[in-house]
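Below is entry.cif, holding mmCIF, C-alpha atoms and all ligand atoms.
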```
data_run
#
loop_
_atom_site.label_atom_id
_atom_site.label_comp_id
_atom_site.auth_asym_id
_atom_site.auth_seq_id
_atom_site.Cartn_x
_atom_site.Cartn_y
_atom_site.Cartn_z
CA MET A 1 0.00 0.00 0.00
CA GLU A 2 1.12 3.56 -0.68
CA ASN A 3 2.51 5.70 2.09
CA LYS A 4 -0.74 7.51 2.95
CA LYS A 5 -2.83 7.69 6.12
CA LEU A 6 -5.06 4.69 6.68
CA ILE A 7 -8.84 4.82 6.96
CA PHE A 8 -10.97 2.00 8.35
CA SER A 9 -14.74 1.79 8.60
CA GLY A 10 -17.47 -0.84 8.66
CA ILE A 11 -21.22 -1.19 8.39
CA GLN A 12 -23.58 -3.81 9.78
CA PRO A 13 -25.65 -5.96 7.44
CA THR A 14 -28.66 -5.64 9.72
CA GLY A 15 -30.89 -4.67 6.76
CA THR A 16 -30.73 -2.31 3.80
CA PHE A 17 -28.74 0.84 4.52
CA THR A 18 -30.77 3.83 5.59
CA LEU A 19 -30.39 7.38 4.39
CA GLY A 20 -28.72 7.93 7.81
CA ASN A 21 -26.06 5.29 7.13
CA TYR A 22 -25.59 6.79 3.67
CA ILE A 23 -25.33 10.48 4.61
CA GLY A 24 -23.53 9.95 7.93
CA ALA A 25 -21.07 7.35 6.70
CA VAL A 26 -21.03 5.46 3.39
CA ARG A 27 -21.47 8.44 1.04
CA ASN A 28 -18.21 9.87 2.40
CA TRP A 29 -16.22 6.67 2.00
CA GLY A 30 -15.85 6.73 -1.82
CA PRO A 31 -14.29 10.22 -2.09
CA LEU A 32 -11.69 9.30 0.55
CA GLN A 33 -10.20 6.55 -1.63
CA ASP A 34 -7.90 8.83 -3.59
CA GLU A 35 -6.45 10.63 -0.60
CA TYR A 36 -6.06 7.69 1.80
CA ASN A 37 -5.44 3.95 1.95
CA CYS A 38 -8.96 2.73 2.69
CA ILE A 39 -10.14 -0.48 4.31
CA TYR A 40 -13.90 -1.04 4.48
CA CYS A 41 -15.92 -4.02 5.59
CA VAL A 42 -19.36 -5.43 6.16
CA VAL A 43 -19.37 -6.25 9.88
CA ASP A 44 -21.50 -9.39 10.00
CA MET A 45 -20.00 -10.45 13.36
CA HIS A 46 -21.38 -7.28 14.93
CA ALA A 47 -24.79 -7.98 13.43
CA ILE A 48 -25.30 -11.19 15.44
CA THR A 49 -25.20 -9.26 18.72
CA VAL A 50 -28.95 -9.06 18.11
CA ARG A 51 -30.93 -12.10 16.89
CA GLN A 52 -30.68 -12.62 13.13
CA ASP A 53 -32.36 -15.05 10.81
CA PRO A 54 -29.34 -16.89 9.27
CA VAL A 55 -30.79 -16.99 5.75
CA LYS A 56 -31.63 -13.29 5.84
CA LEU A 57 -28.26 -12.37 7.36
CA ARG A 58 -26.35 -14.15 4.60
CA GLN A 59 -28.39 -12.36 1.93
CA ALA A 60 -28.15 -8.99 3.70
CA THR A 61 -24.36 -9.39 3.96
CA LEU A 62 -24.02 -10.00 0.23
CA ASN A 63 -26.42 -7.15 -0.52
CA SER A 64 -24.51 -4.81 1.78
CA TYR A 65 -21.26 -5.69 0.04
CA ALA A 66 -22.79 -4.93 -3.38
CA LEU A 67 -24.37 -1.76 -1.99
CA LEU A 68 -21.03 -0.45 -0.77
CA MET A 69 -19.70 -0.90 -4.29
CA ALA A 70 -22.82 0.78 -5.72
CA CYS A 71 -22.16 3.71 -3.36
CA GLY A 72 -18.74 4.23 -4.93
CA ILE A 73 -16.30 1.94 -3.11
CA ASP A 74 -13.97 0.49 -5.67
CA PRO A 75 -12.42 -2.86 -4.63
CA GLU A 76 -9.40 -2.03 -6.81
CA LYS A 77 -8.71 1.14 -4.82
CA SER A 78 -9.80 -0.01 -1.34
CA ILE A 79 -9.64 -3.26 0.57
CA LEU A 80 -13.31 -4.26 0.75
CA PHE A 81 -14.24 -7.44 2.60
CA ILE A 82 -16.61 -9.28 4.93
CA GLN A 83 -15.55 -9.22 8.59
CA SER A 84 -16.12 -12.91 9.40
CA HIS A 85 -13.76 -13.86 6.54
CA VAL A 86 -10.81 -12.35 8.39
CA LYS A 87 -10.04 -14.22 11.62
CA THR A 88 -7.64 -11.62 13.02
CA HIS A 89 -10.56 -9.41 14.11
CA ALA A 90 -11.84 -12.06 16.56
CA GLU A 91 -8.30 -12.95 17.68
CA LEU A 92 -7.36 -9.37 18.49
CA SER A 93 -10.73 -8.77 20.10
CA TRP A 94 -9.94 -11.35 22.81
CA ILE A 95 -6.67 -9.66 23.71
CA LEU A 96 -8.20 -6.19 23.72
CA GLY A 97 -11.06 -7.50 25.88
CA CYS A 98 -8.47 -8.46 28.48
CA ASN A 99 -7.40 -4.81 28.44
CA THR A 100 -10.89 -3.32 28.75
CA GLN A 101 -12.69 -2.65 32.01
CA PHE A 102 -16.20 -3.89 32.73
CA GLY A 103 -17.07 -0.37 33.94
CA GLU A 104 -16.02 1.20 30.63
CA LEU A 105 -18.29 -1.11 28.66
CA SER A 106 -21.17 -0.51 31.07
CA ARG A 107 -21.13 3.19 30.19
CA MET A 108 -21.74 2.65 26.46
CA THR A 109 -25.04 4.25 25.47
CA GLN A 110 -25.59 1.89 22.52
CA PHE A 111 -25.43 -1.08 24.93
CA LYS A 112 -27.97 0.59 27.19
CA ASP A 113 -30.28 1.40 24.22
CA LYS A 114 -30.02 -1.99 22.61
CA SER A 115 -30.45 -3.91 25.85
CA GLN A 116 -33.63 -1.93 26.47
CA ARG A 117 -34.85 -2.75 22.97
CA HIS A 118 -33.97 -6.47 23.31
CA PRO A 119 -34.59 -7.24 27.01
CA ASP A 120 -34.91 -10.98 26.28
CA ASP A 121 -31.42 -11.21 24.76
CA ILE A 122 -28.87 -9.11 26.62
CA ASN A 123 -26.01 -11.35 25.49
CA SER A 124 -22.34 -10.80 26.27
CA GLY A 125 -21.59 -10.04 22.59
CA LEU A 126 -23.85 -7.00 22.82
CA PHE A 127 -21.84 -5.90 25.84
CA THR A 128 -18.41 -6.49 24.28
CA TYR A 129 -19.37 -5.14 20.83
CA PRO A 130 -17.13 -2.05 21.27
CA VAL A 131 -14.12 -4.31 21.94
CA LEU A 132 -14.64 -6.07 18.61
CA MET A 133 -15.02 -2.64 17.00
CA ALA A 134 -11.72 -1.58 18.57
CA ALA A 135 -10.14 -4.75 17.15
CA ASP A 136 -11.55 -3.99 13.67
CA ILE A 137 -9.75 -0.65 13.73
CA LEU A 138 -6.56 -1.54 15.60
CA ALA A 139 -5.92 -4.70 13.54
CA TYR A 140 -4.92 -2.27 10.78
CA ASN A 141 -3.50 0.50 12.96
CA ALA A 142 -5.96 2.86 11.26
CA ASP A 143 -5.38 6.62 11.58
CA LEU A 144 -8.92 7.74 10.83
CA VAL A 145 -12.38 6.22 11.19
CA PRO A 146 -15.23 7.86 9.25
CA VAL A 147 -18.41 7.38 11.31
CA GLY A 148 -21.66 9.08 12.20
CA VAL A 149 -21.79 10.91 15.52
CA ASP A 150 -23.54 7.92 17.18
CA GLN A 151 -20.29 5.92 17.00
CA LYS A 152 -18.11 8.59 18.61
CA GLN A 153 -18.31 7.04 22.07
CA HIS A 154 -17.20 3.64 20.76
CA LEU A 155 -14.30 5.25 18.98
CA GLU A 156 -13.19 7.05 22.13
CA LEU A 157 -13.22 3.69 23.89
CA ALA A 158 -11.07 2.20 21.10
CA ARG A 159 -8.55 5.00 21.71
CA ASN A 160 -8.58 4.34 25.45
CA ILE A 161 -8.01 0.62 24.91
CA ALA A 162 -5.14 1.34 22.50
CA GLN A 163 -3.60 3.79 24.95
CA ARG A 164 -3.82 1.30 27.82
CA PHE A 165 -2.24 -1.43 25.70
CA ASN A 166 0.57 0.95 24.72
CA GLN A 167 1.21 1.81 28.38
CA ARG A 168 1.32 -1.85 29.40
CA TYR A 169 3.27 -3.33 26.51
CA GLY A 170 5.12 -0.38 24.94
CA GLU A 171 4.07 2.06 22.18
CA PHE A 172 2.44 0.06 19.41
CA PHE A 173 -1.08 1.06 18.39
CA THR A 174 -1.90 4.25 16.52
CA LEU A 175 -4.64 6.18 18.36
CA PRO A 176 -7.46 6.37 15.79
CA GLU A 177 -9.24 9.70 15.21
CA PRO A 178 -12.94 9.98 14.32
CA TYR A 179 -13.73 11.50 10.94
CA ILE A 180 -17.24 12.92 11.30
CA PRO A 181 -19.03 14.81 8.50
CA LYS A 182 -19.82 18.48 9.19
CA VAL A 183 -23.41 18.18 7.94
CA GLY A 184 -25.51 15.03 8.28
CA ALA A 185 -23.52 13.35 11.05
CA LYS A 186 -26.84 12.40 12.62
CA VAL A 187 -29.87 11.94 10.41
CA MET A 188 -33.03 11.67 12.48
CA SER A 189 -36.11 9.46 12.18
CA LEU A 190 -38.83 10.95 9.94
CA GLN A 191 -41.48 9.97 12.48
CA ASP A 192 -39.68 10.99 15.67
CA PRO A 193 -37.02 13.58 14.83
CA THR A 194 -35.54 13.38 18.33
CA LYS A 195 -34.36 9.80 17.58
CA LYS A 196 -31.70 8.79 15.06
CA MET A 197 -32.81 7.11 11.85
CA SER A 198 -32.04 3.41 12.32
CA LYS A 199 -32.19 0.30 10.13
CA SER A 200 -33.95 -1.58 12.89
CA ASP A 201 -36.76 0.97 13.43
CA GLU A 202 -40.06 -0.89 13.44
CA ASN A 203 -41.96 1.93 11.74
CA PRO A 204 -41.13 1.80 7.99
CA ASN A 205 -42.27 5.42 7.54
CA ALA A 206 -39.52 6.57 9.91
CA VAL A 207 -36.74 5.36 7.67
CA ILE A 208 -35.66 5.98 4.08
CA LEU A 209 -33.91 2.90 2.73
CA ILE A 210 -31.47 3.67 -0.01
CA LEU A 211 -33.10 1.07 -2.26
CA ASP A 212 -36.63 2.48 -1.78
CA ASP A 213 -38.19 3.48 -5.12
CA LYS A 214 -38.97 7.09 -5.96
CA ASP A 215 -42.69 6.92 -5.07
CA THR A 216 -41.95 5.32 -1.69
CA ILE A 217 -39.31 7.93 -0.88
CA ILE A 218 -41.65 10.80 -1.75
CA ARG A 219 -44.54 9.24 0.20
CA LYS A 220 -42.35 8.82 3.32
CA PHE A 221 -41.15 12.43 3.16
CA LYS A 222 -44.73 13.69 2.70
CA ARG A 223 -45.60 11.92 5.97
CA ALA A 224 -42.56 13.23 7.84
CA VAL A 225 -43.39 14.70 11.25
CA THR A 226 -42.70 18.46 11.44
CA ASP A 227 -44.28 21.13 13.67
CA SER A 228 -47.24 23.47 13.79
CA ASP A 229 -45.25 26.43 12.41
CA THR A 230 -45.14 27.10 8.64
CA GLU A 231 -41.71 28.62 8.04
CA VAL A 232 -38.90 26.56 6.50
CA CYS A 233 -35.94 27.69 8.61
CA TYR A 234 -33.24 26.05 10.72
CA ARG A 235 -33.99 26.86 14.34
CA GLU A 236 -33.82 25.26 17.76
CA GLY A 237 -36.97 23.30 18.57
CA LYS A 238 -37.82 22.64 14.90
CA ASP A 239 -36.29 19.14 14.94
CA GLY A 240 -38.31 17.76 12.04
CA ILE A 241 -37.62 20.71 9.70
CA ASN A 242 -33.97 20.88 10.79
CA ASN A 243 -33.59 17.23 9.84
CA LEU A 244 -35.25 17.72 6.44
CA MET A 245 -33.05 20.78 5.80
CA THR A 246 -29.95 18.77 6.68
CA ILE A 247 -30.96 15.99 4.30
CA TYR A 248 -31.85 18.44 1.51
CA SER A 249 -28.58 20.29 2.01
CA THR A 250 -26.44 17.13 1.78
CA VAL A 251 -28.09 15.83 -1.40
CA THR A 252 -28.27 19.20 -3.22
CA GLY A 253 -25.14 20.91 -1.86
CA LYS A 254 -27.22 24.01 -0.98
CA ASP A 255 -26.55 25.75 2.34
CA PHE A 256 -29.27 26.50 4.90
CA ALA A 257 -29.57 30.19 3.93
CA SER A 258 -30.29 29.40 0.29
CA ILE A 259 -32.77 26.66 1.28
CA GLU A 260 -34.59 29.17 3.51
CA SER A 261 -34.87 31.68 0.66
CA GLU A 262 -35.89 28.98 -1.85
CA PHE A 263 -38.87 28.07 0.33
CA ALA A 264 -39.73 31.52 1.73
CA GLY A 265 -43.50 31.98 1.54
CA LYS A 266 -44.06 28.33 0.56
CA GLY A 267 -45.61 25.73 2.87
CA TYR A 268 -44.15 22.57 4.37
CA GLY A 269 -45.95 20.50 1.71
CA ASP A 270 -43.85 22.00 -1.12
CA PHE A 271 -40.68 21.62 0.92
CA LYS A 272 -41.30 17.96 1.79
CA LEU A 273 -42.02 17.15 -1.86
CA ALA A 274 -38.81 18.87 -2.95
CA VAL A 275 -36.78 16.95 -0.36
CA GLY A 276 -38.36 13.66 -1.46
CA GLU A 277 -37.64 14.31 -5.13
CA ALA A 278 -34.08 15.45 -4.49
CA VAL A 279 -33.30 12.38 -2.37
CA ALA A 280 -34.91 9.97 -4.86
CA ASP A 281 -32.98 11.51 -7.78
CA HIS A 282 -29.74 11.49 -5.81
CA LEU A 283 -30.12 7.80 -4.97
CA GLU A 284 -31.24 6.69 -8.46
CA PRO A 285 -27.68 5.87 -9.72
CA VAL A 286 -27.02 3.84 -6.54
CA ARG A 287 -30.16 1.75 -7.14
CA THR A 288 -29.27 1.18 -10.80
CA GLU A 289 -25.70 0.16 -10.03
CA PHE A 290 -26.84 -2.12 -7.20
CA ALA A 291 -29.28 -3.90 -9.55
CA ARG A 292 -26.49 -4.42 -12.08
CA LEU A 293 -23.91 -5.65 -9.56
CA SER A 294 -26.20 -7.99 -7.66
CA LYS A 295 -26.76 -10.02 -10.83
CA ASP A 296 -23.02 -10.62 -11.15
CA LYS A 297 -22.52 -13.07 -8.26
CA GLU A 298 -19.23 -14.44 -9.58
CA TYR A 299 -17.69 -10.98 -9.76
CA LEU A 300 -18.88 -10.12 -6.24
CA LYS A 301 -17.42 -13.38 -4.94
CA LYS A 302 -14.09 -12.63 -6.56
CA CYS A 303 -14.08 -9.15 -5.00
CA TYR A 304 -14.86 -10.28 -1.45
CA THR A 305 -12.44 -13.23 -1.65
CA ASP A 306 -9.59 -10.99 -2.83
CA GLY A 307 -10.55 -8.35 -0.27
CA ALA A 308 -10.42 -10.87 2.60
CA GLU A 309 -7.05 -12.16 1.44
CA LYS A 310 -5.54 -8.66 1.41
CA ALA A 311 -7.13 -7.74 4.76
CA LEU A 312 -5.82 -10.92 6.38
CA LYS A 313 -2.32 -10.37 5.07
CA TYR A 314 -2.27 -6.80 6.36
CA SER A 315 -3.80 -7.46 9.78
CA GLN A 316 -1.90 -10.70 10.39
CA ARG A 317 1.36 -8.76 10.57
CA ILE A 318 -0.05 -6.49 13.25
CA VAL A 319 -1.80 -9.20 15.27
CA SER A 320 1.33 -11.42 15.24
CA LYS A 321 3.27 -8.56 16.82
CA VAL A 322 0.52 -8.15 19.44
CA TYR A 323 0.76 -11.89 20.26
CA ARG A 324 4.48 -11.50 20.81
CA LYS A 325 4.03 -8.37 22.93
CA VAL A 326 1.57 -10.01 25.33
CA GLY A 327 3.86 -13.04 25.77
CA PHE A 328 2.38 -15.76 23.55
CA VAL A 329 4.89 -18.31 22.29
CA ASP A 330 5.80 -18.07 18.57
CA LYS A 331 4.26 -20.88 16.51
CA GLY A 332 7.47 -21.03 14.53
N1 LIG A 401 -29.02 8.18 11.59
C1 LIG A 401 -27.73 8.22 11.29
N2 LIG A 401 -27.16 9.39 10.91
C2 LIG A 401 -25.84 9.46 10.59
N3 LIG A 401 -25.02 8.38 10.60
C3 LIG A 401 -25.55 7.18 10.95
N4 LIG A 401 -25.03 5.95 11.05
C4 LIG A 401 -25.99 5.09 11.46
N5 LIG A 401 -27.15 5.73 11.62
C5 LIG A 401 -26.92 7.05 11.32
C6 LIG A 401 -23.64 5.62 10.74
O1 LIG A 401 -23.67 4.52 9.82
C7 LIG A 401 -22.51 3.72 10.01
C8 LIG A 401 -22.87 2.28 10.04
O2 LIG A 401 -23.70 2.02 11.13
P1 LIG A 401 -23.89 0.53 11.60
O3 LIG A 401 -24.48 -0.27 10.54
O4 LIG A 401 -22.62 0.02 12.16
O5 LIG A 401 -24.86 0.56 12.81
P2 LIG A 401 -25.68 1.59 13.56
O6 LIG A 401 -24.93 2.84 13.84
O7 LIG A 401 -26.22 0.88 14.76
O8 LIG A 401 -26.78 1.89 12.46
P3 LIG A 401 -28.29 1.60 12.53
O9 LIG A 401 -28.85 1.99 11.20
O10 LIG A 401 -28.90 2.28 13.71
O11 LIG A 401 -28.36 0.04 12.67
P4 LIG A 401 -29.13 -0.84 13.72
O12 LIG A 401 -30.55 -0.38 13.68
O13 LIG A 401 -28.94 -2.24 13.23
O14 LIG A 401 -28.47 -0.61 15.04
C9 LIG A 401 -21.84 4.18 11.30
O15 LIG A 401 -20.71 4.96 10.97
C10 LIG A 401 -22.88 5.06 11.94
O16 LIG A 401 -22.29 6.11 12.67
#
```

Exercise: express the given structure as structure tokens:
Amino acid sequence: MENKKLIFSGIQPTGTFTLGNYIGAVRNWGPLQDEYNCIYCVVDMHAITVRQDPVKLRQATLNSYALLMACGIDPEKSILFIQSHVKTHAELSWILGCNTQFGELSRMTQFKDKSQRHPDDINSGLFTYPVLMAADILAYNADLVPVGVDQKQHLELARNIAQRFNQRYGEFFTLPEPYIPKVGAKVMSLQDPTKKMSKSDENPNAVILILDDKDTIIRKFKRAVTDSDTEVCYREGKDGINNLMTIYSTVTGKDFASIESEFAGKGYGDFKLAVGEAVADHLEPVRTEFARLSKDKEYLKKCYTDGAEKALKYSQRIVSKVYRKVGFVDKG
């Protein structure tokens, strides 16, 4: 790999990507490929921290892989793979877990949220999820991790784990920095704009899926919850409108001031329709490319097999050094 900074990021195959995943994360991954060495993966091992139907998970993993490519990740420029294909992530996760405190993991808000949402399955994987995430990043000694704002706390934990390891065993891990977009770092639910838009939301109207067709996208935006005011402007307390303005701004490139003047004197109905159309048009090429790629199963298989091979080769070097540092005997 060239001598550039290294980026790592991953996405769970827990369903089709939402507009939140797209704007907060994936959309930014493609443009980074020229400036950085990029390693991206579909984190299927993270997905099983909540119950998954095996048949659906397998399909969603393959779809997510193809979707990443449709969103602009080029497997020739980046290392693009499926997490469970690369054993070093699980191996490093064990060692990092032995350098992570129970108390630190107990403070993670995602664990608290998800254990409330799945009270019948508060498994230890859900609890140690951030350790596996730290391993994903540290197995490559990544410099930067592009994520939405919801993952910031996990990334800070990854830094703390790396720092603790370095103190115990000598300087080794790079402390990864978050790379958070300025606009769209947290896209909110269309039905409850105080909550983030999430793949696993049970209300389909709350979430735009990036493979939704144009009519569905427009219909969901028309139903978006706003407020009893009529003015399209970005202001505290107008969570629904602020969210729609953020979305409109990221897909059109317009700033908030020009959006406010574009819709001055017009009602929310016109604005919601415009947002729906702009999003649907923006996502059209992704849908078309996804449809094309998903038919080419052989090509996809070649890409994820090559990707896993490269990822293993890269991370194996790092994890072998970690084994030596903690005192494991060389296999020879
Ligand atoms: N609403 C969001 N706004 C901005 N960024 C978001 N991300 C997720 N939701 C939003 C970013 O997407 C990347 C991949 O996320 P993930 O698949 O690892 O899981 P998640 O954050 O738990 O996403 P979901 O959609 O909420 O999935 P479920 O419902 O399965 O838990 C991350 O970089 C994240 O920041």

Can you pull out the residues contacting Leu175 of chain A? Cut-off 9 Å, using all atoms listed in the file, and skip same-chain residues under 6 positions away; I want them as an MDAnalysis selection string. chainID A and resid 138 141:144 158:160 162:163

Selection file, C-alpha atoms, as a PDB file, in the coordinates of the input:
```pdb
ATOM      1  CA  LEU A 138      -6.560  -1.540  15.600  1.00  0.00           C
ATOM      2  CA  ASN A 141      -3.500   0.500  12.960  1.00  0.00           C
ATOM      3  CA  ALA A 142      -5.960   2.860  11.260  1.00  0.00           C
ATOM      4  CA  ASP A 143      -5.380   6.620  11.580  1.00  0.00           C
ATOM      5  CA  LEU A 144      -8.920   7.740  10.830  1.00  0.00           C
ATOM      6  CA  ALA A 158     -11.070   2.200  21.100  1.00  0.00           C
ATOM      7  CA  ARG A 159      -8.550   5.000  21.710  1.00  0.00           C
ATOM      8  CA  ASN A 160      -8.580   4.340  25.450  1.00  0.00           C
ATOM      9  CA  ALA A 162      -5.140   1.340  22.500  1.00  0.00           C
ATOM     10  CA  GLN A 163      -3.600   3.790  24.950  1.00  0.00           C
TER      11      GLN A 163
END
```

Once you count all atoms listed in the file, which residues end up no further than 10 Å from (-22.7, 8.9, 14.9) in the file's frame, shown as an mmCIF file with C-alpha atoms, in the coordinates of the input?
```cif
data_model
loop_
_atom_site.group_PDB
_atom_site.id
_atom_site.type_symbol
_atom_site.label_atom_id
_atom_site.label_comp_id
_atom_site.auth_asym_id
_atom_site.auth_seq_id
_atom_site.Cartn_x
_atom_site.Cartn_y
_atom_site.Cartn_z
ATOM 1 C CA GLY A 20 -28.720 7.930 7.810
ATOM 2 C CA ASN A 21 -26.060 5.290 7.130
ATOM 3 C CA GLY A 24 -23.530 9.950 7.930
ATOM 4 C CA ALA A 25 -21.070 7.350 6.700
ATOM 5 C CA PRO A 146 -15.230 7.860 9.250
ATOM 6 C CA VAL A 147 -18.410 7.380 11.310
ATOM 7 C CA GLY A 148 -21.660 9.080 12.200
ATOM 8 C CA VAL A 149 -21.790 10.910 15.520
ATOM 9 C CA ASP A 150 -23.540 7.920 17.180
ATOM 10 C CA GLN A 151 -20.290 5.920 17.000
ATOM 11 C CA LYS A 152 -18.110 8.590 18.610
ATOM 12 C CA GLN A 153 -18.310 7.040 22.070
ATOM 13 C CA HIS A 154 -17.200 3.640 20.760
ATOM 14 C CA PRO A 178 -12.940 9.980 14.320
ATOM 15 C CA ILE A 180 -17.240 12.920 11.300
ATOM 16 C CA PRO A 181 -19.030 14.810 8.500
ATOM 17 C CA GLY A 184 -25.510 15.030 8.280
ATOM 18 C CA ALA A 185 -23.520 13.350 11.050
ATOM 19 C CA LYS A 186 -26.840 12.400 12.620
ATOM 20 C CA VAL A 187 -29.870 11.940 10.410
ATOM 21 C CA LYS A 196 -31.700 8.790 15.060
#
```

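Among the candidates A:Val183, A:Ala139, A:Leu283, A:Val326, the one nearest to ligand LIG 401 (chain A) when counting only C-alpha atoms and all ligand atoms is A:Val183.
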
Which residues are close to Lys112 of chain A, i.e. within 10 Å by only C-alpha atoms, leaving aside same-chain residues fewer than 4 positions away? Reply as a list in words. Leu105, Ser106, Arg107, Met108, Gln116, Arg117, Ile122, Leu126 and Phe127 of chain A

Taking all atoms listed in the file into account, name the residue in A:Ser93, A:Ser78, A:Thr305, A:Thr49 that is nearest to Ser9 of chain A. A:Ser78

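Proximity ranking of A:Tyr65, A:Tyr314, A:Phe17, A:Tyr169 relative to ligand LIG 401 (chain A) places A:Phe17 first, based on all atoms listed in the file.
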
Within 10 Å of Ser249 of chain A, counting all atoms listed in the file, which residues show up once you throw out same-chain ones fewer than 3 positions away? Write them as an MDAnalysis selection string, please. chainID A and resid 183:184 243:246 252:256 258:259 275 278

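Distances here use only C-alpha atoms; by that measure, the residue among A:Ile218, A:Val279, A:Met188, A:Val319 closest to Gly240 of chain A is A:Met188.
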
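The shortest atom-to-atom distance to ligand LIG 401 (chain A), with all atoms listed in the file taken into account, belongs to A:Asp192 out of A:Glu91, A:Asp192, A:Glu2, A:Asp213.
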
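Between atom CA of Ile39 of chain A and atom CA of Phe8 of chain A there is a distance of 4.8 Å.
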
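Here the question is which of A:Lys195, A:His89, A:Lys238, A:Arg164 gets nearest to ligand LIG 401 (chain A) using all atoms listed in the file, and that residue is A:Lys195.
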
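Every protein or nucleic acid residue with an atom no more than 12 Å from Asp281 of chain A, counting only C-alpha atoms and leaving out same-chain residues fewer than 5 positions away, appears here: Ile210, Leu211, Asp212, Asp213, Lys214, Asp215, Ile217, Ile218, Tyr248, Val251, Thr252, Ala274, Val275, Gly276, Val286, Arg287 and Thr288 of chain A.
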
7 Å contact set for Gln33 of chain A, only C-alpha atoms, chain neighbours under 3 positions out, as a ChimeraX atom specification: /A:30,36-38,77-78

Atom pair atom CA of Gly267 of chain A + atom CA of Thr216 of chain A, distance 21.2 Å

Which distance in Å separates atom O1 of ligand LIG 401 (chain A) and atom CA of Cys233 of chain A, to one decimal? 26.2 Å

Box for ligand LIG 401 (chain A) - axis-aligned, 4 Å on each of the six sides, all listed atoms - centre and size in Å to one decimal, as JSON.
```
{"center_x": -25.6, "center_y": 3.6, "center_z": 12.4, "size_x": 17.8, "size_y": 19.7, "size_z": 13.2}
```

Please tell me which residues are no farther than 9 Å from (-31.5, 3.0, 14.5) in the file, counting only C-alpha atoms, and write them as a ChimeraX atom specification. /A:18,20,189,195-201,207

Serialized selection, C-alpha atoms, as a PDB file, in the coordinates of the input:
```
ATOM      1  CA  THR A  18     -30.770   3.830   5.590  1.00  0.00           C
ATOM      2  CA  GLY A  20     -28.720   7.930   7.810  1.00  0.00           C
ATOM      3  CA  SER A 189     -36.110   9.460  12.180  1.00  0.00           C
ATOM      4  CA  LYS A 195     -34.360   9.800  17.580  1.00  0.00           C
ATOM      5  CA  LYS A 196     -31.700   8.790  15.060  1.00  0.00           C
ATOM      6  CA  MET A 197     -32.810   7.110  11.850  1.00  0.00           C
ATOM      7  CA  SER A 198     -32.040   3.410  12.320  1.00  0.00           C
ATOM      8  CA  LYS A 199     -32.190   0.300  10.130  1.00  0.00           C
ATOM      9  CA  SER A 200     -33.950  -1.580  12.890  1.00  0.00           C
ATOM     10  CA  ASP A 201     -36.760   0.970  13.430  1.00  0.00           C
ATOM     11  CA  VAL A 207     -36.740   5.360   7.670  1.00  0.00           C
TER      12      VAL A 207
END
```
